[in-house]
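Single-structure report; data block below.
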Amino acid sequence: MKERMSLIVFSGTVDKLMAASILTTGAAAMGLEVEIFLTNWGLAAFRKGNYKENFRISKEYEDFGPLMMQQMQAKRVPSWMENLKAAKEVGDVKVLACSMTLELFGWKKDDLEPIVEDVTGVATFIERAKDSKITLFI
Amino acid sequence: MPDPIAIPDDVKIDREVDARGSFCPGPLMELIRVVRAAPVGSVLAVLSSDPGSAKDIPAWIQKAGHDFLGAYAMEGYIRFVVRKTH
């Protein structure tokens, strides 16, 4: 069985999505299967088109937000969405939406970016996460 | 950064990808793409100016089971050379 990394992406700020996406590319490159469970603001960040206009960063570093965005553009750092797409290209990456959050926001799977593969409940995620080598809450 | 090292004469690079200026994990991803697309036996190289590559790229080559032919420090970047084995 392939080794797996399970990420719970709760945050929808660009700095944390960036960290999640880079960890995903690294894990995919090193041959791990990756499962990303999107919940709350993490799911909101995957609403269709949202990633193009999301410039939020963590509250405690809010003052660095404009500088970070400016540096990312100047150095042409790929966006977190581009990282996830690249990770999917080289490895086995599944992006799953939390069914409860989807319901809460009143969205359907079609309202989300196509990279989101499926809608699942927490129990299914936990069942698979318990066998993972790496589990992170971001 | 050490002095530039010449690539041995017997190593002929079939394809080289320039990932200088791209950030972790960009150069590694570029290398993976080029390795995937090339026929078995090809000698491939990636140029990287990202300091993370020095450890990341050899680690990936080992994990993926290809032959690591060397890391050649140039001025401000490193040329990593790998032979695709399977």
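Simple scheme: letters A, B, ... for chains in structure tokens order, numbers from 1 for residues in each chain, numbers from 1 for ligands in the order shown.
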Select, as a VMD selection string, those residues of chain A with any atom no more than 12 Å from chain B (distances computed using only C-alpha atoms). chain A and resid 18 to 19 21 to 32 72 74 to 80 82 to 91
List as a VMD selection string the protein and nucleic acid residues near range 80-82 of chain B, meaning an atom at most 8 Å away when only C-alpha atoms are counted, but skip any in the same chain fewer than 5 places from it. chain B and resid 13 43 to 48 57 61 66 to 72
Write out, as a PDB file, in the first residue's frame, the residues just selected, with C-alpha atoms.
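File result37.pdb, as written:
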```pdb
ATOM      1  CA  ILE B  13      23.012  15.467 -21.648  1.00  0.00           C
ATOM      2  CA  VAL B  43      20.427  11.712 -19.433  1.00  0.00           C
ATOM      3  CA  LEU B  44      18.554  14.759 -18.162  1.00  0.00           C
ATOM      4  CA  ALA B  45      19.582  17.895 -16.379  1.00  0.00           C
ATOM      5  CA  VAL B  46      17.889  20.662 -14.465  1.00  0.00           C
ATOM      6  CA  LEU B  47      19.376  24.021 -13.556  1.00  0.00           C
ATOM      7  CA  SER B  48      18.285  25.405 -10.209  1.00  0.00           C
ATOM      8  CA  ILE B  57      16.577  16.843  -6.021  1.00  0.00           C
ATOM      9  CA  ILE B  61      16.168  10.855  -7.644  1.00  0.00           C
ATOM     10  CA  HIS B  66      16.944   6.736 -11.120  1.00  0.00           C
ATOM     11  CA  ASP B  67      20.729   7.204 -11.388  1.00  0.00           C
ATOM     12  CA  PHE B  68      22.012  10.414  -9.889  1.00  0.00           C
ATOM     13  CA  LEU B  69      24.965  11.404 -12.048  1.00  0.00           C
ATOM     14  CA  GLY B  70      25.958  14.465 -10.091  1.00  0.00           C
ATOM     15  CA  ALA B  71      25.320  18.024  -8.975  1.00  0.00           C
ATOM     16  CA  TYR B  72      27.581  20.544 -10.650  1.00  0.00           C
TER      17      TYR B  72
END
```
One-decimal distance in Å that lies between CA of Ser53 in chain B and CA of Ser11 in chain A: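 It comes out at 28.2 Å.
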Rank A:Glu53, A:Asp15, A:Asp63, A:Glu35 by their smallest atom-to-atom distance to Ile134 in chain A, using only C-alpha atoms, and report the top residue only.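 Selected residue with least distance to Ile134 in chain A: A:Glu35.
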For Val119 in chain A, the nearest of the candidates A:Gln73, A:Asn50, A:Ser58, A:Thr39, counting only C-alpha atoms: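 Looking only at the distances to Val119 in chain A, the closest residue turns out to be A:Thr39.
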Mind checking DSSP for chain B and telling me the alpha helix (DSSP H) residues as a ChimeraX atom specification? /B:26-37,53-64
File of the preceding selection, N, CA and C atoms, as a PDB file, in the first residue's frame:
```pdb
ATOM      1  N   GLY B  26       9.494  24.209  -7.348  1.00  0.00           N
ATOM      2  CA  GLY B  26       9.478  24.382  -8.805  1.00  0.00           C
ATOM      3  C   GLY B  26      10.519  23.575  -9.567  1.00  0.00           C
ATOM      4  N   PRO B  27      11.823  23.716  -9.229  1.00  0.00           N
ATOM      5  CA  PRO B  27      12.839  22.984  -9.996  1.00  0.00           C
ATOM      6  C   PRO B  27      12.649  21.462  -9.945  1.00  0.00           C
ATOM      7  N   LEU B  28      12.260  20.964  -8.775  1.00  0.00           N
ATOM      8  CA  LEU B  28      12.016  19.522  -8.659  1.00  0.00           C
ATOM      9  C   LEU B  28      10.847  19.105  -9.551  1.00  0.00           C
ATOM     10  N   MET B  29       9.788  19.919  -9.543  1.00  0.00           N
ATOM     11  CA  MET B  29       8.621  19.588 -10.370  1.00  0.00           C
ATOM     12  C   MET B  29       8.999  19.599 -11.850  1.00  0.00           C
ATOM     13  N   GLU B  30       9.834  20.559 -12.238  1.00  0.00           N
ATOM     14  CA  GLU B  30      10.306  20.634 -13.637  1.00  0.00           C
ATOM     15  C   GLU B  30      11.079  19.362 -13.990  1.00  0.00           C
ATOM     16  N   LEU B  31      11.937  18.942 -13.063  1.00  0.00           N
ATOM     17  CA  LEU B  31      12.736  17.733 -13.315  1.00  0.00           C
ATOM     18  C   LEU B  31      11.822  16.510 -13.455  1.00  0.00           C
ATOM     19  N   ILE B  32      10.854  16.404 -12.565  1.00  0.00           N
ATOM     20  CA  ILE B  32       9.943  15.257 -12.621  1.00  0.00           C
ATOM     21  C   ILE B  32       9.236  15.214 -13.973  1.00  0.00           C
ATOM     22  N   ARG B  33       8.788  16.372 -14.431  1.00  0.00           N
ATOM     23  CA  ARG B  33       8.100  16.429 -15.733  1.00  0.00           C
ATOM     24  C   ARG B  33       9.001  15.952 -16.862  1.00  0.00           C
ATOM     25  N   VAL B  34      10.245  16.440 -16.852  1.00  0.00           N
ATOM     26  CA  VAL B  34      11.144  16.109 -17.949  1.00  0.00           C
ATOM     27  C   VAL B  34      11.543  14.621 -17.894  1.00  0.00           C
ATOM     28  N   VAL B  35      11.704  14.095 -16.687  1.00  0.00           N
ATOM     29  CA  VAL B  35      12.039  12.672 -16.537  1.00  0.00           C
ATOM     30  C   VAL B  35      10.876  11.819 -17.038  1.00  0.00           C
ATOM     31  N   ARG B  36       9.677  12.206 -16.668  1.00  0.00           N
ATOM     32  CA  ARG B  36       8.493  11.436 -17.108  1.00  0.00           C
ATOM     33  C   ARG B  36       8.388  11.360 -18.625  1.00  0.00           C
ATOM     34  N   ALA B  37       8.678  12.496 -19.271  1.00  0.00           N
ATOM     35  CA  ALA B  37       8.454  12.594 -20.715  1.00  0.00           C
ATOM     36  C   ALA B  37       9.567  11.930 -21.533  1.00  0.00           C
ATOM     37  N   SER B  53      16.969  22.870  -3.527  1.00  0.00           N
ATOM     38  CA  SER B  53      17.184  21.809  -4.514  1.00  0.00           C
ATOM     39  C   SER B  53      18.377  20.926  -4.181  1.00  0.00           C
ATOM     40  N   ALA B  54      19.407  21.510  -3.538  1.00  0.00           N
ATOM     41  CA  ALA B  54      20.645  20.779  -3.259  1.00  0.00           C
ATOM     42  C   ALA B  54      20.369  19.456  -2.554  1.00  0.00           C
ATOM     43  N   LYS B  55      19.388  19.453  -1.660  1.00  0.00           N
ATOM     44  CA  LYS B  55      19.041  18.206  -0.971  1.00  0.00           C
ATOM     45  C   LYS B  55      17.809  17.550  -1.604  1.00  0.00           C
ATOM     46  N   ASP B  56      16.838  18.372  -2.006  1.00  0.00           N
ATOM     47  CA  ASP B  56      15.563  17.843  -2.507  1.00  0.00           C
ATOM     48  C   ASP B  56      15.712  17.008  -3.779  1.00  0.00           C
ATOM     49  N   ILE B  57      16.490  17.516  -4.723  1.00  0.00           N
ATOM     50  CA  ILE B  57      16.577  16.843  -6.021  1.00  0.00           C
ATOM     51  C   ILE B  57      17.285  15.480  -5.900  1.00  0.00           C
ATOM     52  N   PRO B  58      18.477  15.405  -5.232  1.00  0.00           N
ATOM     53  CA  PRO B  58      19.066  14.070  -5.047  1.00  0.00           C
ATOM     54  C   PRO B  58      18.139  13.118  -4.266  1.00  0.00           C
ATOM     55  N   ALA B  59      17.406  13.651  -3.271  1.00  0.00           N
ATOM     56  CA  ALA B  59      16.497  12.804  -2.479  1.00  0.00           C
ATOM     57  C   ALA B  59      15.391  12.232  -3.368  1.00  0.00           C
ATOM     58  N   TRP B  60      14.884  13.057  -4.267  1.00  0.00           N
ATOM     59  CA  TRP B  60      13.837  12.564  -5.160  1.00  0.00           C
ATOM     60  C   TRP B  60      14.387  11.514  -6.120  1.00  0.00           C
ATOM     61  N   ILE B  61      15.570  11.781  -6.672  1.00  0.00           N
ATOM     62  CA  ILE B  61      16.168  10.855  -7.644  1.00  0.00           C
ATOM     63  C   ILE B  61      16.366   9.479  -6.981  1.00  0.00           C
ATOM     64  N   GLN B  62      16.834   9.499  -5.739  1.00  0.00           N
ATOM     65  CA  GLN B  62      17.044   8.247  -5.024  1.00  0.00           C
ATOM     66  C   GLN B  62      15.714   7.531  -4.775  1.00  0.00           C
ATOM     67  N   LYS B  63      14.743   8.292  -4.305  1.00  0.00           N
ATOM     68  CA  LYS B  63      13.419   7.722  -4.007  1.00  0.00           C
ATOM     69  C   LYS B  63      12.787   7.142  -5.278  1.00  0.00           C
ATOM     70  N   ALA B  64      12.934   7.860  -6.376  1.00  0.00           N
ATOM     71  CA  ALA B  64      12.320   7.420  -7.635  1.00  0.00           C
ATOM     72  C   ALA B  64      13.125   6.292  -8.291  1.00  0.00           C
TER      73      ALA B  64
END
```
Any idea what's packed within 9 Å of His86 in chain B, counting only C-alpha atoms, ignoring anything in its chain fewer than 3 positions away? Could you give it as a count of residues only? 5
What separation in Å, quoted to one decimal, exists between CA of Ala45 in chain A and CA of Ser132 in chain A?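 Between CA of Ala45 in chain A and CA of Ser132 in chain A the gap is 24.5 Å.
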Would you give me, as a PyMOL selection string, the residues in chain B that DSSP reads as strand (DSSP E or B)? chain B and resi 15-18+43-48+67-73+78-83
